[in-house]
Structure formats: structure tokens, C-alpha cells
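Before any comments, here is the structure.
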Amino acid sequence: MALGATFAALRHRNYRIWAGAGFVSVIGTWMQVLGVNWYVLAKTGSATTMGLTVLLQALPTLVLSVWGGALADRLPAKPLLIVAQAAHAALAAGLAVVAVTGTGGLPAIYAISLVTGAVSAIEGPVMGRWASTLVDRESLGNALALGSLTNSAGRILGMSLGAVVVAAVGPALLFAVNAASFVAVVVALFAVRDGERHTVEAAAADAALTDGGIRAGFRYLLRQPVVLVALALSFVLGSLGRNYQVTMAAMSDGPLRGGASGYGFLSTVFAVGTVLGALVAARRRELGYGVLVGAGLLGSSLQIVAGLAPGTLSFAAVILPVAAAAVVIDTTVGARAQLDTDYVMRGRVLAALAVTGSVSAAVGAPLLGWLAEHVGPRQTLVLAGTITAVATVAAGVALDRLRERRLRRRFALVLDGVRPARGVAAGAARVVRPAGVRLRAARQAALPRPAGLAGVSQGARTGAFPGASRPGPGRLRSSRAARAAQDCAACAPHRAARRSRLIGARAVAHRDGCPRA
């Protein structure tokens, strides 16, 4: 595909505005994440306590995302998003006040982290549903891929700038910058032209909306087996295949002996891989389930190889494509979840996707950490990669069955292509038959035969072709040859020629030239 197709979604003015504002916001968000982690670690000296703040931000997603999805499908998106951005800005400003004055201390940091997670849980489905109207249906997959690219690039830039700022002046400035970044999102919300949004499908869906709340969303998902299989595969791959913050740390601290510097290097390589993966996904014209299964198998296989890597550089070389495959998987699941579901349920479907991601991270991270501690980092990677590979194959088979066995049809097409070649080979074998075989066939043709069966092949006389008398496409070639011979049985002028032409069940050739046929 051309380079222009990689950034096809940017042809839409509304999406360009939204992508630019989102990039600014992502940078500020990751600066705040680094600032909170550094502040808690500096105050407590405990990495476990630092992880508690991450858990407090992720926990509301498990509880409130379904409510956010229901709100996204029932209420206008723009007012909700404006309120959410204002709340985020106020919470970031509160963190800055705590960092400068020390008021509230760690309990205030924990409380703000919990409320921030709650706002994000409600905001996520609303923003996803609204953002899907900024491009047409054909560009939605590309828009999601570019969103992944924006998040990956913003994460790298935000963490890099944040590390410099926090070392120079402390975390308070990071929180203030994040608070200001939400202004860009509010400005973008007002700058988007509603007349250029792709809301034809949305308007039709809203007109037919019969609100059933959260229960209706669950009932709808239960009637979408293809989406359920994709979500299940996403959960397995997300829990055992992409919690590399845990496995990279275990490998660096253990077999690779890279220490903190090695872990930082691997984290940077992983971030670069996510950018490459976003570019790969953006260049795809269509993100289908075949891409999902292929990326899952690639990532799982490389994860097994990563467990066998002898050094840091070789491990980094494998981690790079693994990170790219992870982004392709996430982008494909997000695209199919929106393209293969009704718009009226899109908010609740996106909420289910968010819950799946949060649960996979919450379950997979401690499980992989426990395995790395008790079994070993290398064994953990190999075991997890094997499980995800098996799960991917199983999901691929299930998707093929649910989607009308497309793989079987492809195999059938391949076999159909092989059959003509097989026929040509058989014909060539008859041409180059040994001389003794041709001589025996000529002698048999010269023997006298009953008048009623003159010219009939041996297979037809012995009843070996029961389908010869039945019409339909299933008739054998030899049956057609027998019928042609019967049609010409009383044709005395052509009897000698007919006998020679019947050799090899080729009576059809005589039938074409026989005046009685």
C-alpha cells in the first residue's frame, strides 16, 4: 500500500483535530503516571506501594466501565466528554497541590488515583463511540491503528520528558502540565464540525434505540459468538502474552543479568516495537480475524523464543516484533468489536473490551510474577507462549466454524486447482505407457465382441459405472465414454476406427465425428 494509505484517516479534518489533541493529552498522561510513581516511591521506598496506585486507577474499570458503556449509548457524547476532561484537569491540579504543599500526603494521592480511574472508566466507552464517527467505516480500522501509534509515541515522549523534568524540578510540574493538556481536548471537541461527522448509521440506530441498559448489552454480546471468541482470545493473549513489564523485569534481574539499566533498555525497545506495530496495522487495508490469529501465533511463537534467548541483545531482538504483534492484536480486536456490532450497542461493547483488558492485566501480571519466582523466568515465558499458541489455534478453528468454514473453502479451492494437474499427469502417463501395455490393449480391441456390446468399454460391461444411467454432474468420464460407444454401436463404417479410439476410454472423441451420434 502507498504511504498515503497508512495515514488515510488523517484525510478527515475532524480526525486530524482529534488526533492532534489526543497526542498532547497522551503525553501529559504519561508524564503524570511517571510523576505519581516517582512521588510514591520517594515517600515510601516500596515498589509494592507504588503498584498500589496503579491498581487503584485500574480497579474502577472493572466496576464502572459497563455503566460508562450504557451512558455512551444513551446520552449525547460531547457534553459528557467535556465534563470528563474538566474533571481530569481538576484532579491533575489536585496532585500538583499535594506535591507542592504536602497536604493530604499519600492518602490524598491514593484517593485522587481512585477517582481518576473512575472518571477514565466512564469516559472510555463514551470517547470510543464518539471518535468512531469522525471517520467513515472504511477508515475506522486505520483510525484505530493511528490511535495506537499516537498512544505509543506519546508514551515514549511523555516518559522521556517526564524523566528529565522530575529529575530537575520534581513531580509537581508534571501534574500541572497534564492538567493543561486537557484543555487541548476540550478545544478539539468544540472545533469538530458536527456536519462532517459520519452519523448516518448513528442516527438510524438512535432512532431505533430501545434502551435496555447493561442487561441488554450482555444479552447482545451473548448473541455475538464471533465477538465473544475474539474477546476470549484477547484475554488469554493479554494475560499471558503481553504482560512484559513483569517478565522483562524478571529476565533482566535474573538470567540476563542486565539489572536496572537492562530493564530500561528493554522497556525502550518494547515501546519502539509498539510504534512499529501501529504502523503495520495502519498499512493494512482490512484488519480481519485472519490478521488476529496470525499475529497471535507470531507473538506466541516469539515468546517461546524469547524464553530461550541467551543475552539481553537477543532478547531485545525478539521483544521488538512481539511488541508489534501485541499492538496489531489490540487494534484488530478493537476494530472488529466496532465494525461487527450494531452502533446502538457500540458503547457497551467497548466497555466489555475495556473490562477484558483490565481483567487480563490484573490476572496475568501476578500470575506471571508468581511463575517467574517459583518456576523461573525462562520457563514462564516458554510455558505462557505455549498456552497462548494453543489458545490461538483453538480460537482460529472456532472462528472458522462460526464464519462459515472459510478455511475449508480455501482448501477446497486449492484441491480444485490440483485436480486439473492430476488429470494432465494421468493423460501424460497414458501417452508414455510401455509398449507392452499398448500391444495388449490393441490385441484386446481386435477380439470379436457381441453385436449388442460392440465398442462398449470393459468397465461399462461389468457394471462398474452404476452412475452411467443417472443424469447429473456426478457422472464419471468412463460412463460418458460408455454411452458414446453405445450410441455408435451400430455404426459399421466407423467400427474399426471406433475400436482404436475406445482404447483408454476415449469414445467421446469418436462420438464427435460420428454421423449417428
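Naming works like this for the C-alpha cells: A, B, ... for the chains as they're shown, residue 1 at the start of each chain, ligands 1 onward in shown order.
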Members of range 154-366 of chain A assigned alpha helix (DSSP H) by DSSP, as a PyMOL selection string:
chain A and resi 154-169+172-191+200-207+213-222+225-236+244-253+259-283+289-307+312-339+346-366
Do a neighbour search on Met127 in chain A at 12 Å with only C-alpha atoms, toss out local chain neighbours closer than 5 positions, and write the hits as a PyMOL selection string.
chain A and resi 18+22+68-69+71-73+76-85+119-122+132-134+185+189+346-347+350-351
Quick one: write out the picked residues with N, CA, C and O atoms as a short mmCIF file (atom, residue, chain, number, x, y, z; two decimals), in the first residue's frame?
```
data_model
loop_
_atom_site.label_atom_id
_atom_site.label_comp_id
_atom_site.auth_asym_id
_atom_site.auth_seq_id
_atom_site.Cartn_x
_atom_site.Cartn_y
_atom_site.Cartn_z
N TRP A 18 -8.77 15.82 16.21
CA TRP A 18 -8.87 14.95 17.37
C TRP A 18 -7.55 14.22 17.65
O TRP A 18 -7.14 14.07 18.81
N GLY A 22 -5.39 14.50 21.01
CA GLY A 22 -5.13 13.27 21.75
C GLY A 22 -3.66 13.04 21.99
O GLY A 22 -3.27 12.54 23.06
N GLY A 68 -20.37 3.08 32.09
CA GLY A 68 -19.93 4.04 31.08
C GLY A 68 -20.40 3.66 29.70
O GLY A 68 -20.80 4.52 28.90
N GLY A 69 -20.39 2.36 29.40
CA GLY A 69 -20.90 1.91 28.11
C GLY A 69 -22.38 2.20 27.94
O GLY A 69 -22.82 2.62 26.86
N LEU A 71 -24.08 4.58 29.45
CA LEU A 71 -24.23 6.03 29.28
C LEU A 71 -23.83 6.46 27.87
O LEU A 71 -24.46 7.35 27.28
N ALA A 72 -22.79 5.83 27.33
CA ALA A 72 -22.34 6.19 25.98
C ALA A 72 -23.43 5.92 24.95
O ALA A 72 -23.54 6.64 23.95
N ASP A 73 -24.23 4.88 25.16
CA ASP A 73 -25.28 4.53 24.21
C ASP A 73 -26.59 5.29 24.45
O ASP A 73 -27.51 5.19 23.65
N PRO A 76 -25.90 12.15 24.92
CA PRO A 76 -25.02 12.82 23.96
C PRO A 76 -23.57 12.77 24.44
O PRO A 76 -23.28 12.97 25.62
N ALA A 77 -22.65 12.54 23.51
CA ALA A 77 -21.26 12.29 23.88
C ALA A 77 -20.51 13.57 24.24
O ALA A 77 -19.75 13.59 25.21
N LYS A 78 -20.71 14.63 23.48
CA LYS A 78 -19.87 15.82 23.66
C LYS A 78 -19.98 16.41 25.07
O LYS A 78 -18.95 16.70 25.70
N PRO A 79 -21.18 16.62 25.62
CA PRO A 79 -21.23 17.16 26.99
C PRO A 79 -20.54 16.26 28.01
O PRO A 79 -19.85 16.74 28.91
N LEU A 80 -20.72 14.94 27.87
CA LEU A 80 -20.06 14.02 28.80
C LEU A 80 -18.54 14.13 28.71
O LEU A 80 -17.84 14.11 29.73
N LEU A 81 -18.03 14.24 27.49
CA LEU A 81 -16.59 14.32 27.32
C LEU A 81 -16.03 15.63 27.87
O LEU A 81 -14.94 15.66 28.45
N ILE A 82 -16.75 16.71 27.70
CA ILE A 82 -16.28 18.00 28.24
C ILE A 82 -16.21 17.94 29.76
O ILE A 82 -15.23 18.39 30.38
N VAL A 83 -17.25 17.37 30.37
CA VAL A 83 -17.24 17.23 31.84
C VAL A 83 -16.09 16.33 32.28
O VAL A 83 -15.40 16.62 33.27
N ALA A 84 -15.84 15.24 31.55
CA ALA A 84 -14.76 14.33 31.92
C ALA A 84 -13.40 15.01 31.82
O ALA A 84 -12.54 14.82 32.70
N GLN A 85 -13.18 15.80 30.77
CA GLN A 85 -11.89 16.50 30.64
C GLN A 85 -11.70 17.52 31.76
O GLN A 85 -10.59 17.66 32.30
N VAL A 119 -13.22 8.17 36.64
CA VAL A 119 -13.56 9.06 35.52
C VAL A 119 -13.14 8.43 34.20
O VAL A 119 -13.88 8.47 33.21
N SER A 120 -11.96 7.81 34.16
CA SER A 120 -11.49 7.18 32.93
C SER A 120 -12.37 6.01 32.54
O SER A 120 -12.62 5.77 31.35
N ALA A 121 -12.86 5.25 33.53
CA ALA A 121 -13.70 4.11 33.23
C ALA A 121 -15.01 4.53 32.57
O ALA A 121 -15.50 3.86 31.65
N ILE A 122 -15.59 5.62 33.01
CA ILE A 122 -16.84 6.11 32.42
C ILE A 122 -16.58 6.81 31.09
O ILE A 122 -17.35 6.70 30.14
N SER A 132 -15.49 7.17 16.83
CA SER A 132 -15.74 6.34 15.66
C SER A 132 -16.56 7.07 14.60
O SER A 132 -16.61 6.62 13.45
N THR A 133 -17.21 8.16 14.96
CA THR A 133 -17.99 8.93 13.98
C THR A 133 -17.17 9.98 13.26
O THR A 133 -17.69 10.69 12.40
N LEU A 134 -15.89 10.10 13.59
CA LEU A 134 -15.06 11.13 12.95
C LEU A 134 -14.53 10.68 11.59
O LEU A 134 -14.02 11.49 10.83
N VAL A 185 -7.95 18.96 24.52
CA VAL A 185 -9.05 18.06 24.17
C VAL A 185 -10.37 18.82 24.14
O VAL A 185 -11.20 18.62 23.24
N LEU A 189 -12.92 19.31 20.95
CA LEU A 189 -14.34 18.95 20.97
C LEU A 189 -15.20 20.06 20.38
O LEU A 189 -16.18 19.79 19.66
N ARG A 346 -22.58 -0.11 20.59
CA ARG A 346 -21.13 0.03 20.50
C ARG A 346 -20.51 0.47 21.81
O ARG A 346 -19.43 -0.01 22.19
N GLY A 347 -21.16 1.35 22.54
CA GLY A 347 -20.60 1.79 23.82
C GLY A 347 -20.46 0.64 24.79
O GLY A 347 -19.44 0.49 25.48
N LEU A 350 -17.62 -1.66 23.68
CA LEU A 350 -16.32 -1.08 24.03
C LEU A 350 -16.06 -1.20 25.53
O LEU A 350 -14.92 -1.38 25.96
N ALA A 351 -17.12 -1.09 26.33
CA ALA A 351 -16.95 -1.29 27.77
C ALA A 351 -16.52 -2.72 28.08
O ALA A 351 -15.64 -2.94 28.92
#
```
Contact residues around Val169 in chain A with only C-alpha atoms at 12 Å, ignoring same-chain residues under 6 positions, as an MDAnalysis selection string
chainID A and resid 35 99:100 162:163 175
Mind dumping the selected residues with C-alpha atoms as an mmCIF file, in the first residue's frame?
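Wrote it out as out38.cif, contents follow:
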```cif
data_model
loop_
_atom_site.group_PDB
_atom_site.id
_atom_site.type_symbol
_atom_site.label_atom_id
_atom_site.label_comp_id
_atom_site.auth_asym_id
_atom_site.auth_seq_id
_atom_site.Cartn_x
_atom_site.Cartn_y
_atom_site.Cartn_z
ATOM 1 C CA GLY A 35 5.288 11.615 38.436
ATOM 2 C CA ALA A 99 3.139 17.552 45.593
ATOM 3 C CA VAL A 100 3.936 21.208 46.333
ATOM 4 C CA GLY A 162 8.911 13.381 32.399
ATOM 5 C CA ALA A 163 12.179 11.744 33.453
ATOM 6 C CA PHE A 175 0.975 17.239 37.184
#
```
Each residue of range 324-376 of chain A with at least one atom at most 12 Å from range 291-300 of chain A should appear once, together with its nearest atom pair and the corresponding distance in Å (one decimal); atoms considered: only C-alpha atoms; ordering: chain, then increasing residue number; output as CSV.
```
residue,atom,partner,partner_atom,distance
A:Ala324,CA,A:Gly299,CA,8.6
A:Ala325,CA,A:Ala295,CA,5.3
A:Ala326,CA,A:Gly299,CA,7.1
A:Val327,CA,A:Ala295,CA,9.3
A:Val328,CA,A:Ala295,CA,6.8
A:Ile329,CA,A:Leu292,CA,5.5
A:Asp330,CA,A:Leu292,CA,8.7
A:Thr331,CA,A:Leu292,CA,9.1
A:Thr332,CA,A:Leu292,CA,6.1
A:Val333,CA,A:Leu292,CA,7.3
A:Gly334,CA,A:Leu292,CA,10.7
A:Ala335,CA,A:Leu292,CA,10.6
A:Arg336,CA,A:Leu292,CA,9.8
```
Atoms to include: all heavy atoms. Write the selected residues as a PDB file, in the first residue's frame.
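Wrote result-v9.pdb, looks like this:
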```
ATOM      1  N   ALA A 324       5.246  -5.379  18.519  1.00  0.00           N
ATOM      2  CA  ALA A 324       4.499  -5.019  17.317  1.00  0.00           C
ATOM      3  C   ALA A 324       3.271  -5.906  17.152  1.00  0.00           C
ATOM      4  O   ALA A 324       2.169  -5.425  16.837  1.00  0.00           O
ATOM      5  CB  ALA A 324       5.408  -5.126  16.087  1.00  0.00           C
ATOM      6  N   ALA A 325       3.425  -7.209  17.383  1.00  0.00           N
ATOM      7  CA  ALA A 325       2.287  -8.119  17.274  1.00  0.00           C
ATOM      8  C   ALA A 325       1.217  -7.797  18.305  1.00  0.00           C
ATOM      9  O   ALA A 325       0.012  -7.902  18.025  1.00  0.00           O
ATOM     10  CB  ALA A 325       2.762  -9.564  17.439  1.00  0.00           C
ATOM     11  N   ALA A 326       1.633  -7.380  19.500  1.00  0.00           N
ATOM     12  CA  ALA A 326       0.662  -7.036  20.547  1.00  0.00           C
ATOM     13  C   ALA A 326      -0.217  -5.864  20.119  1.00  0.00           C
ATOM     14  O   ALA A 326      -1.437  -5.874  20.331  1.00  0.00           O
ATOM     15  CB  ALA A 326       1.401  -6.707  21.849  1.00  0.00           C
ATOM     16  N   VAL A 327       0.388  -4.864  19.503  1.00  0.00           N
ATOM     17  CA  VAL A 327      -0.399  -3.709  19.047  1.00  0.00           C
ATOM     18  C   VAL A 327      -1.336  -4.104  17.909  1.00  0.00           C
ATOM     19  O   VAL A 327      -2.490  -3.664  17.844  1.00  0.00           O
ATOM     20  CB  VAL A 327       0.537  -2.560  18.625  1.00  0.00           C
ATOM     21  CG1 VAL A 327      -0.246  -1.428  17.993  1.00  0.00           C
ATOM     22  CG2 VAL A 327       1.312  -2.048  19.830  1.00  0.00           C
ATOM     23  N   VAL A 328      -0.854  -4.943  17.000  1.00  0.00           N
ATOM     24  CA  VAL A 328      -1.711  -5.411  15.911  1.00  0.00           C
ATOM     25  C   VAL A 328      -2.907  -6.174  16.464  1.00  0.00           C
ATOM     26  O   VAL A 328      -4.051  -6.010  16.006  1.00  0.00           O
ATOM     27  CB  VAL A 328      -0.905  -6.285  14.937  1.00  0.00           C
ATOM     28  CG1 VAL A 328      -1.822  -6.920  13.899  1.00  0.00           C
ATOM     29  CG2 VAL A 328       0.165  -5.457  14.229  1.00  0.00           C
ATOM     30  N   ILE A 329      -2.679  -6.991  17.496  1.00  0.00           N
ATOM     31  CA  ILE A 329      -3.769  -7.745  18.115  1.00  0.00           C
ATOM     32  C   ILE A 329      -4.790  -6.800  18.739  1.00  0.00           C
ATOM     33  O   ILE A 329      -6.003  -6.919  18.519  1.00  0.00           O
ATOM     34  CB  ILE A 329      -3.213  -8.721  19.162  1.00  0.00           C
ATOM     35  CG1 ILE A 329      -2.404  -9.827  18.479  1.00  0.00           C
ATOM     36  CG2 ILE A 329      -4.330  -9.316  20.007  1.00  0.00           C
ATOM     37  CD1 ILE A 329      -1.602 -10.678  19.441  1.00  0.00           C
ATOM     38  N   ASP A 330      -4.316  -5.855  19.543  1.00  0.00           N
ATOM     39  CA  ASP A 330      -5.224  -4.917  20.205  1.00  0.00           C
ATOM     40  C   ASP A 330      -6.013  -4.100  19.187  1.00  0.00           C
ATOM     41  O   ASP A 330      -7.226  -3.879  19.347  1.00  0.00           O
ATOM     42  CB  ASP A 330      -4.432  -3.981  21.122  1.00  0.00           C
ATOM     43  CG  ASP A 330      -3.868  -4.712  22.332  1.00  0.00           C
ATOM     44  OD1 ASP A 330      -4.392  -5.792  22.662  1.00  0.00           O
ATOM     45  OD2 ASP A 330      -2.905  -4.213  22.937  1.00  0.00           O
ATOM     46  N   THR A 331      -5.341  -3.634  18.154  1.00  0.00           N
ATOM     47  CA  THR A 331      -6.012  -2.821  17.137  1.00  0.00           C
ATOM     48  C   THR A 331      -7.051  -3.633  16.380  1.00  0.00           C
ATOM     49  O   THR A 331      -8.160  -3.149  16.110  1.00  0.00           O
ATOM     50  CB  THR A 331      -4.977  -2.247  16.161  1.00  0.00           C
ATOM     51  OG1 THR A 331      -3.977  -1.522  16.895  1.00  0.00           O
ATOM     52  CG2 THR A 331      -5.638  -1.297  15.184  1.00  0.00           C
ATOM     53  N   THR A 332      -6.715  -4.875  16.052  1.00  0.00           N
ATOM     54  CA  THR A 332      -7.649  -5.718  15.305  1.00  0.00           C
ATOM     55  C   THR A 332      -8.881  -6.043  16.144  1.00  0.00           C
ATOM     56  O   THR A 332     -10.016  -5.980  15.649  1.00  0.00           O
ATOM     57  CB  THR A 332      -6.960  -7.016  14.868  1.00  0.00           C
ATOM     58  OG1 THR A 332      -5.800  -6.692  14.093  1.00  0.00           O
ATOM     59  CG2 THR A 332      -7.888  -7.866  14.031  1.00  0.00           C
ATOM     60  N   VAL A 333      -8.677  -6.375  17.410  1.00  0.00           N
ATOM     61  CA  VAL A 333      -9.824  -6.677  18.276  1.00  0.00           C
ATOM     62  C   VAL A 333     -10.707  -5.447  18.430  1.00  0.00           C
ATOM     63  O   VAL A 333     -11.944  -5.530  18.360  1.00  0.00           O
ATOM     64  CB  VAL A 333      -9.341  -7.177  19.651  1.00  0.00           C
ATOM     65  CG1 VAL A 333     -10.516  -7.318  20.618  1.00  0.00           C
ATOM     66  CG2 VAL A 333      -8.636  -8.513  19.512  1.00  0.00           C
ATOM     67  N   GLY A 334     -10.091  -4.278  18.614  1.00  0.00           N
ATOM     68  CA  GLY A 334     -10.874  -3.059  18.724  1.00  0.00           C
ATOM     69  C   GLY A 334     -11.647  -2.740  17.455  1.00  0.00           C
ATOM     70  O   GLY A 334     -12.806  -2.308  17.502  1.00  0.00           O
ATOM     71  N   ALA A 335     -11.017  -2.970  16.304  1.00  0.00           N
ATOM     72  CA  ALA A 335     -11.693  -2.699  15.033  1.00  0.00           C
ATOM     73  C   ALA A 335     -12.858  -3.649  14.814  1.00  0.00           C
ATOM     74  O   ALA A 335     -13.963  -3.229  14.438  1.00  0.00           O
ATOM     75  CB  ALA A 335     -10.693  -2.810  13.878  1.00  0.00           C
ATOM     76  N   ARG A 336     -12.649  -4.946  15.058  1.00  0.00           N
ATOM     77  CA  ARG A 336     -13.737  -5.902  14.841  1.00  0.00           C
ATOM     78  C   ARG A 336     -14.864  -5.692  15.848  1.00  0.00           C
ATOM     79  O   ARG A 336     -16.042  -5.889  15.520  1.00  0.00           O
ATOM     80  CB  ARG A 336     -13.234  -7.345  14.948  1.00  0.00           C
ATOM     81  CG  ARG A 336     -12.153  -7.773  13.983  1.00  0.00           C
ATOM     82  CD  ARG A 336     -12.220  -7.189  12.613  1.00  0.00           C
ATOM     83  NE  ARG A 336     -13.513  -7.279  11.959  1.00  0.00           N
ATOM     84  CZ  ARG A 336     -13.784  -6.753  10.783  1.00  0.00           C
ATOM     85  NH1 ARG A 336     -12.831  -6.057  10.149  1.00  0.00           N
ATOM     86  NH2 ARG A 336     -14.965  -6.870  10.241  1.00  0.00           N
TER      87      ARG A 336
END
```
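Taking only C-alpha atoms into account, Arg16 in chain A lies nearest to A:Gly147 out of the set A:Gly147, A:Gly259, A:Gly28, A:Gly254.
Take CA of Arg283 in chain A and CA of Asn142 in chain A: the distance between them is 7.6 Å.
Counting only C-alpha atoms and comparing A:Val33, A:Ala153, A:Ala87, A:Leu75, the residue that lies closest to Leu174 in chain A is A:Val33.
Note that CA of Pro321 in chain A and CA of Val272 in chain A are 9.7 Å apart.
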Would you pick out the contacts of Leu240 in chain A at 12 Å or less, using only C-alpha atoms, so that residues sharing its chain but fewer than 4 positions from it are not included, and give the list as an MDAnalysis selection string?
chainID A and resid 233:236 244:247 296 299:300 303:304 326 357 359:369 371 380:389 391
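One distance worth recording is that between CA of Leu302 in chain A and CA of Asp400 in chain A, which is 24.0 Å.
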Write out as a PyMOL selection string which residues come within 9 Å of Ala58 in chain A when counting only C-alpha atoms, dropping same-chain ones fewer than 5 positions away.
chain A and resi 53+114+117-118+121+358+362
Only all heavy atoms, please: the residues just picked out, written as a short mmCIF file (atom, residue, chain, number, x, y, z; two decimals), in the first residue's frame.
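again32.cif was written with the following content:
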```cif
data_model
loop_
_atom_site.label_atom_id
_atom_site.label_comp_id
_atom_site.auth_asym_id
_atom_site.auth_seq_id
_atom_site.Cartn_x
_atom_site.Cartn_y
_atom_site.Cartn_z
N THR A 53 -0.95 2.24 43.62
CA THR A 53 -1.56 3.38 42.91
C THR A 53 -2.02 2.97 41.52
O THR A 53 -3.06 3.42 41.03
CB THR A 53 -0.57 4.53 42.81
OG1 THR A 53 0.60 4.11 42.08
CG2 THR A 53 -0.13 5.00 44.19
N LEU A 114 -7.77 6.89 42.65
CA LEU A 114 -9.01 6.12 42.55
C LEU A 114 -10.07 6.88 41.77
O LEU A 114 -10.74 6.31 40.89
CB LEU A 114 -9.51 5.79 43.96
CG LEU A 114 -10.74 4.88 44.04
CD1 LEU A 114 -10.44 3.52 43.46
CD2 LEU A 114 -11.22 4.76 45.49
N GLY A 117 -9.25 6.97 38.06
CA GLY A 117 -9.62 5.72 37.41
C GLY A 117 -11.12 5.62 37.17
O GLY A 117 -11.55 5.10 36.12
N ALA A 118 -11.92 6.13 38.09
CA ALA A 118 -13.37 6.10 37.91
C ALA A 118 -13.80 6.98 36.74
O ALA A 118 -14.65 6.59 35.92
CB ALA A 118 -14.07 6.56 39.20
N ALA A 121 -12.86 5.25 33.53
CA ALA A 121 -13.70 4.11 33.23
C ALA A 121 -15.01 4.53 32.57
O ALA A 121 -15.50 3.86 31.65
CB ALA A 121 -13.99 3.33 34.52
N SER A 358 -8.60 -4.90 31.31
CA SER A 358 -8.25 -4.68 32.72
C SER A 358 -8.12 -5.99 33.48
O SER A 358 -7.19 -6.19 34.26
CB SER A 358 -9.30 -3.78 33.37
OG SER A 358 -9.34 -2.51 32.77
N ALA A 362 -4.90 -7.55 35.35
CA ALA A 362 -4.96 -7.81 36.79
C ALA A 362 -4.69 -9.28 37.11
O ALA A 362 -4.10 -9.60 38.14
CB ALA A 362 -6.34 -7.41 37.33
#
```
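Residue nearest Ala278 in chain A, chosen from A:Val36, A:Leu339, A:Leu146, A:Ala352 and counting only C-alpha atoms: A:Leu146.
Shortest atom-to-atom contact with Gly94 in chain A among A:Asn14, A:Thr341, A:Ser152, A:Asn178: A:Asn178, counting only C-alpha atoms.
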Within 8 Å of Ala323 in chain A, counting only C-alpha atoms, which residues show up once you throw out same-chain ones fewer than 4 positions away? Write them as a ChimeraX atom specification, please.
/A:242,270-271,273-274,277,319,327
Output file for the selection above: N, CA, C and O atoms, as a PDB file, in the first residue's frame:
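Everything below was put into out04.pdb:
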```pdb
ATOM      1  N   ARG A 242       1.215 -10.602  27.016  1.00  0.00           N
ATOM      2  CA  ARG A 242       1.645  -9.222  26.834  1.00  0.00           C
ATOM      3  C   ARG A 242       1.950  -8.499  28.144  1.00  0.00           C
ATOM      4  O   ARG A 242       2.144  -7.294  28.129  1.00  0.00           O
ATOM      5  N   PHE A 270      10.746  -2.224  23.690  1.00  0.00           N
ATOM      6  CA  PHE A 270       9.336  -2.621  23.630  1.00  0.00           C
ATOM      7  C   PHE A 270       8.468  -1.453  23.157  1.00  0.00           C
ATOM      8  O   PHE A 270       7.544  -1.639  22.346  1.00  0.00           O
ATOM      9  N   ALA A 271       8.757  -0.253  23.647  1.00  0.00           N
ATOM     10  CA  ALA A 271       7.985   0.917  23.225  1.00  0.00           C
ATOM     11  C   ALA A 271       8.166   1.184  21.731  1.00  0.00           C
ATOM     12  O   ALA A 271       7.206   1.522  21.023  1.00  0.00           O
ATOM     13  N   GLY A 273       8.826  -1.062  19.524  1.00  0.00           N
ATOM     14  CA  GLY A 273       8.068  -2.108  18.853  1.00  0.00           C
ATOM     15  C   GLY A 273       6.589  -1.785  18.750  1.00  0.00           C
ATOM     16  O   GLY A 273       5.946  -2.110  17.741  1.00  0.00           O
ATOM     17  N   THR A 274       6.037  -1.155  19.771  1.00  0.00           N
ATOM     18  CA  THR A 274       4.622  -0.775  19.700  1.00  0.00           C
ATOM     19  C   THR A 274       4.382   0.259  18.599  1.00  0.00           C
ATOM     20  O   THR A 274       3.346   0.226  17.920  1.00  0.00           O
ATOM     21  N   GLY A 277       4.432  -1.659  15.369  1.00  0.00           N
ATOM     22  CA  GLY A 277       3.199  -2.420  15.233  1.00  0.00           C
ATOM     23  C   GLY A 277       2.032  -1.554  14.810  1.00  0.00           C
ATOM     24  O   GLY A 277       1.188  -1.976  13.998  1.00  0.00           O
ATOM     25  N   ILE A 319      11.880  -9.252  21.453  1.00  0.00           N
ATOM     26  CA  ILE A 319      10.837  -8.438  22.088  1.00  0.00           C
ATOM     27  C   ILE A 319      10.271  -7.408  21.106  1.00  0.00           C
ATOM     28  O   ILE A 319       9.074  -7.078  21.151  1.00  0.00           O
ATOM     29  N   VAL A 327       0.388  -4.864  19.503  1.00  0.00           N
ATOM     30  CA  VAL A 327      -0.399  -3.709  19.047  1.00  0.00           C
ATOM     31  C   VAL A 327      -1.336  -4.104  17.909  1.00  0.00           C
ATOM     32  O   VAL A 327      -2.490  -3.664  17.844  1.00  0.00           O
TER      33      VAL A 327
END
```
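Proximity ranking of A:Gly217, A:Pro60, A:Pro377, A:Gly154 relative to Thr29 in chain A places A:Gly154 first, based on only C-alpha atoms.
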